[in-house]
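Engineer: Handing you a structure now.
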Amino acid sequence: MILGAGDDERAAGFSAALVRAGLPPARILDYASFAEAPDRLGGLFPEGRGLLRFESPGGAPRMRRALLRLAGAQEEEPGQEEPGREAGTRLRPDHAVQTGLAAAIGLARRILPPGVVATHDPAAVALLYDKRACHAAMRAAGLPVPRALPPVNDVTALREAMRSAGLSRVFVKPRYGSGAAGIAALAVAGGDIVAISSAEHAPGDGTLHHTHRLRRLRGAGAVTLVDAILAQDAHVEHWVPKAAIGGRPCDLRVLVVGGEPAHIVLRLADGPITNLDLGGRRAEADILRALAPPAAWEAMLSDCRRFAARLPDNLHVAFDVALTVGLRRHVFFEANAFGDLIRRVSHAGCDPYDWQVACLPAWIAGRRAVGYAA
């Protein structure tokens, strides 16, 4: 059984992997249907055994409203949550939605029969969706992370914080965002200020929109945009220079399954933001691995294992990590609860979903669960 979004590529990918393994396809229950009648979930496991996989709810309005209900937050009026401009999707603080997602996972786990295994822990999901809290947790675990600045409300306060910290370049990230939506790479030099971002500020109503394309803003335009991002609650951290290949900065998405690093994809870009849906280019991780000292590569993987071990009730976790200039050190930027949608990459001959299905028996046994049944 999958609790997610009915038309989601992730759910379809995992269900197809079950079939390839000779198991029945997964039934899919979306979060909106679950929110309407949560108690029926237990009845979907008549034998009292099985697996419940949680997936990202996506951004569909119906899912947003369901998660807001589960969070006890005020629901949006129909149509209010639709894109406000043709340029892209409206950005908003999503704390209530993420709270609702964690609440849905927690409620589902409480309803499940004892013999049903769940793939995610609600507290871990809440942590991984909160960039500020996740950054603090990784730092507390001893992982190398960029230096974080205290929360501020506008660019004036941010520039003062940057001066105090001796920083001229930072990333400004919506605290609860995903997919680089609303992120700005900000550089300050004297009186000049430049921001690179996919966000666009709508001057009429003051809203922000994710345009799915990066733009470079300077001066007043950069200030207005970053002020709007900061006003929605943002995490700010040092813009750490990444290693480059062929002059292109690069980083890695590392998928850890059952506590072990598995699929890794290298992301190259012409600028500081490498996300593949914002113009980043996919490449084989072995290109970077061949250039790095073996000890540096293994240290990065070891840190992935260490932090994943703190989330034993999550089948998988995905890290965004980079080797720094010189290739001898690494730095972690984020960890993701649903970061396994990695296309055209293989590990031990398996795609990410085939590998997760293959790892399920050992992962379940390691958690001393009753067992797995499709």
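Just remember, in the structure tokens the first chain shown is A, the second B, etc., residues are 1-based per chain, and ligands are 1-based in the order shown.
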Using DSSP secondary structure from the backbone, list all helix (DSSP H, G or I) positions within segment 230-329 of chain A, as a ChimeraX atom specification.

Structural biologist: /A:230-231,276-278,285-291,294-308

Engineer: Can you list, as a CSV table (one decimal) with C-alpha atoms, in the first residue's frame, every protein, DNA or RNA residue that comes within 8 Å of segment 249-259 of chain A when you count only C-alpha atoms, leaving out same-chain residues fewer than 4 positions away?

Structural biologist:
```csv
chain,number,residue,atom,x,y,z
A,242,LYS,CA,31.9,23.9,-4.8
A,243,ALA,CA,34.4,21.9,-6.8
A,244,ALA,CA,34.0,22.4,-10.5
A,245,ILE,CA,34.4,20.2,-13.6
A,263,HIS,CA,22.4,5.7,-6.1
A,264,ILE,CA,24.5,8.9,-6.7
A,265,VAL,CA,24.0,11.5,-9.4
A,266,LEU,CA,26.4,14.3,-10.2
A,267,ARG,CA,24.8,17.7,-11.0
A,268,LEU,CA,26.7,20.3,-13.0
A,269,ALA,CA,25.6,23.9,-13.6
A,270,ASP,CA,26.8,27.2,-15.1
A,271,GLY,CA,26.1,28.8,-11.7
A,272,PRO,CA,25.6,28.1,-8.0
A,274,THR,CA,22.5,22.9,-9.7
A,285,ALA,CA,29.2,10.5,-10.3
A,304,CYS,CA,25.9,10.0,4.9
A,305,ARG,CA,25.8,6.7,6.7
A,308,ALA,CA,21.0,8.1,8.1
A,309,ALA,CA,21.6,5.9,11.1
A,312,PRO,CA,16.4,4.2,11.4
A,314,ASN,CA,13.1,5.8,7.4
A,315,LEU,CA,13.7,3.3,4.6
A,316,HIS,CA,15.6,5.9,2.6
A,317,VAL,CA,17.0,9.5,2.9
A,318,ALA,CA,18.7,11.5,0.2
A,319,PHE,CA,21.5,14.0,0.7
A,320,ASP,CA,22.6,17.1,-1.3
A,321,VAL,CA,26.4,17.3,-0.7
A,322,ALA,CA,29.3,18.7,-2.5
A,323,LEU,CA,33.1,18.4,-2.6
A,339,GLY,CA,14.5,12.4,-2.6
A,340,ASP,CA,14.5,9.1,-4.4
A,356,GLN,CA,14.5,-0.3,-2.4
A,359,CYS,CA,16.5,-4.0,0.4
A,360,LEU,CA,13.2,-4.3,2.1
A,363,TRP,CA,15.7,-3.5,6.4
```

Engineer: Can you work out which one of A:Asp154, A:Asp277, A:Glu36, A:Glu237 has the shortest atom-to-atom distance to Gly179 of chain A, counting only C-alpha atoms?

Structural biologist: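 Looking only at the distances to Gly179 of chain A, the closest residue turns out to be A:Asp277.
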
Engineer: Report as a ChimeraX atom specification: the residues of segment 124-200 of chain A with a DSSP assignment of strand (DSSP E or B), based on the backbone of this structure.

Structural biologist: /A:148-149,169-174,184-189,192-200

Engineer: How would the residues just chosen look if you wrote them out with N, CA and C atoms as a compact mmCIF listing (two decimals), in the first residue's frame?

Structural biologist:
```
# COMPACT_ATOMS: atom_id res chain seq x y z
N ALA A 148 25.66 28.95 9.27
CA ALA A 148 24.32 29.52 9.21
C ALA A 148 24.30 30.88 9.90
N LEU A 149 23.47 31.78 9.39
CA LEU A 149 23.27 33.08 10.01
C LEU A 149 21.94 33.08 10.76
N ARG A 169 28.86 36.32 0.46
CA ARG A 169 27.96 35.52 -0.38
C ARG A 169 27.20 34.53 0.51
N VAL A 170 25.89 34.48 0.33
CA VAL A 170 25.05 33.55 1.11
C VAL A 170 23.96 32.97 0.21
N PHE A 171 23.39 31.87 0.68
CA PHE A 171 22.16 31.34 0.10
C PHE A 171 21.01 31.70 1.03
N VAL A 172 19.93 32.19 0.46
CA VAL A 172 18.70 32.48 1.20
C VAL A 172 17.67 31.45 0.75
N LYS A 173 17.21 30.60 1.69
CA LYS A 173 16.35 29.47 1.34
C LYS A 173 15.05 29.53 2.12
N PRO A 174 13.89 29.44 1.46
CA PRO A 174 12.65 29.30 2.22
C PRO A 174 12.76 28.13 3.18
N ALA A 184 17.55 31.91 -3.25
CA ALA A 184 18.33 32.97 -3.90
C ALA A 184 19.78 32.84 -3.47
N ALA A 185 20.68 32.86 -4.46
CA ALA A 185 22.12 32.95 -4.20
C ALA A 185 22.46 34.44 -4.24
N LEU A 186 22.91 34.96 -3.11
CA LEU A 186 23.07 36.40 -2.93
C LEU A 186 24.53 36.77 -2.73
N ALA A 187 25.00 37.74 -3.51
CA ALA A 187 26.37 38.23 -3.39
C ALA A 187 26.34 39.74 -3.15
N VAL A 188 27.15 40.19 -2.18
CA VAL A 188 27.22 41.61 -1.83
C VAL A 188 28.67 42.06 -1.96
N ALA A 189 28.88 43.17 -2.65
CA ALA A 189 30.23 43.73 -2.80
C ALA A 189 30.11 45.24 -2.71
N ASP A 192 27.00 47.16 -4.01
CA ASP A 192 26.33 46.38 -5.04
C ASP A 192 25.76 45.10 -4.43
N ILE A 193 24.64 44.65 -4.98
CA ILE A 193 24.01 43.42 -4.51
C ILE A 193 23.43 42.69 -5.72
N VAL A 194 23.69 41.39 -5.81
CA VAL A 194 23.23 40.57 -6.93
C VAL A 194 22.58 39.31 -6.37
N ALA A 195 21.43 38.92 -6.95
CA ALA A 195 20.74 37.71 -6.55
C ALA A 195 20.44 36.86 -7.77
N ILE A 196 20.68 35.55 -7.66
CA ILE A 196 20.32 34.58 -8.69
C ILE A 196 19.23 33.70 -8.11
N SER A 197 18.08 33.63 -8.78
CA SER A 197 16.94 32.92 -8.21
C SER A 197 15.94 32.56 -9.29
N SER A 198 15.13 31.55 -9.02
CA SER A 198 13.99 31.22 -9.89
C SER A 198 12.72 31.90 -9.42
N ALA A 199 12.81 32.61 -8.30
CA ALA A 199 11.62 33.28 -7.75
C ALA A 199 11.41 34.62 -8.44
N GLU A 200 10.16 34.99 -8.53
CA GLU A 200 9.78 36.28 -9.10
C GLU A 200 8.81 36.96 -8.16
```

Engineer: Record the distance separating atom CA of Pro352 of chain A and atom CA of Phe14 of chain A, expressed in Å with one decimal.

Structural biologist: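 Computing the Euclidean distance for atom CA of Pro352 of chain A and atom CA of Phe14 of chain A yields 8.7 Å.
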
Engineer: Excluding segment 4-10 of chain A and residues on its chain fewer than 4 positions from it, collect all residues at most 6 Å away from it, counting only C-alpha atoms, and give them as a PDB file with N, CA, C and O atoms, in the first residue's frame.

Structural biologist:
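Dumped to part.pdb:
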```
ATOM      1  N   ASP A  30      -4.563   8.171  -1.722  1.00  0.00           N
ATOM      2  CA  ASP A  30      -3.998   9.515  -1.656  1.00  0.00           C
ATOM      3  C   ASP A  30      -4.313  10.167  -0.312  1.00  0.00           C
ATOM      4  O   ASP A  30      -5.214   9.742   0.419  1.00  0.00           O
ATOM      5  N   TYR A  31      -3.535  11.200   0.009  1.00  0.00           N
ATOM      6  CA  TYR A  31      -3.668  11.847   1.315  1.00  0.00           C
ATOM      7  C   TYR A  31      -5.037  12.473   1.507  1.00  0.00           C
ATOM      8  O   TYR A  31      -5.555  12.516   2.634  1.00  0.00           O
ATOM      9  N   GLU A  55       4.753   8.518   0.456  1.00  0.00           N
ATOM     10  CA  GLU A  55       5.347   9.272  -0.637  1.00  0.00           C
ATOM     11  C   GLU A  55       5.089  10.767  -0.440  1.00  0.00           C
ATOM     12  O   GLU A  55       4.224  11.160   0.357  1.00  0.00           O
ATOM     13  N   SER A  56       5.784  11.567  -1.184  1.00  0.00           N
ATOM     14  CA  SER A  56       5.539  13.000  -1.183  1.00  0.00           C
ATOM     15  C   SER A  56       4.098  13.271  -1.618  1.00  0.00           C
ATOM     16  O   SER A  56       3.605  12.640  -2.550  1.00  0.00           O
ATOM     17  N   PRO A  57       3.412  14.208  -0.969  1.00  0.00           N
ATOM     18  CA  PRO A  57       2.033  14.510  -1.368  1.00  0.00           C
ATOM     19  C   PRO A  57       1.945  15.340  -2.639  1.00  0.00           C
ATOM     20  O   PRO A  57       0.852  15.523  -3.184  1.00  0.00           O
TER      21      PRO A  57
END
```

Engineer: Given the choices A:Leu311, A:Ile342, A:Leu52, A:Val331, which gets closest to Gly142 of chain A if the distance is worked out from only C-alpha atoms?

Structural biologist: A:Val331

Engineer: Kindly indicate which residue among A:Ala16, A:Ala222, A:Met1, A:Ala234 lies nearest to Asp94 of chain A, using only C-alpha atoms for the distances.

Structural biologist: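 Distance minimum relative to Asp94 of chain A lands on A:Ala234.
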
Engineer: What does the distance between atom CA of Gly100 of chain A and atom CA of Leu68 of chain A come to in Å, to one decimal place?

Structural biologist: 5.7 Å

Engineer: Between A:Arg53, A:Arg329, A:Arg344, A:Arg289, which residue has the minimum interatomic distance to His120 of chain A, considering only C-alpha atoms?

Structural biologist: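 Checking each of A:Arg53, A:Arg329, A:Arg344, A:Arg289 against His120 of chain A, counting only C-alpha atoms, the winner is A:Arg53.
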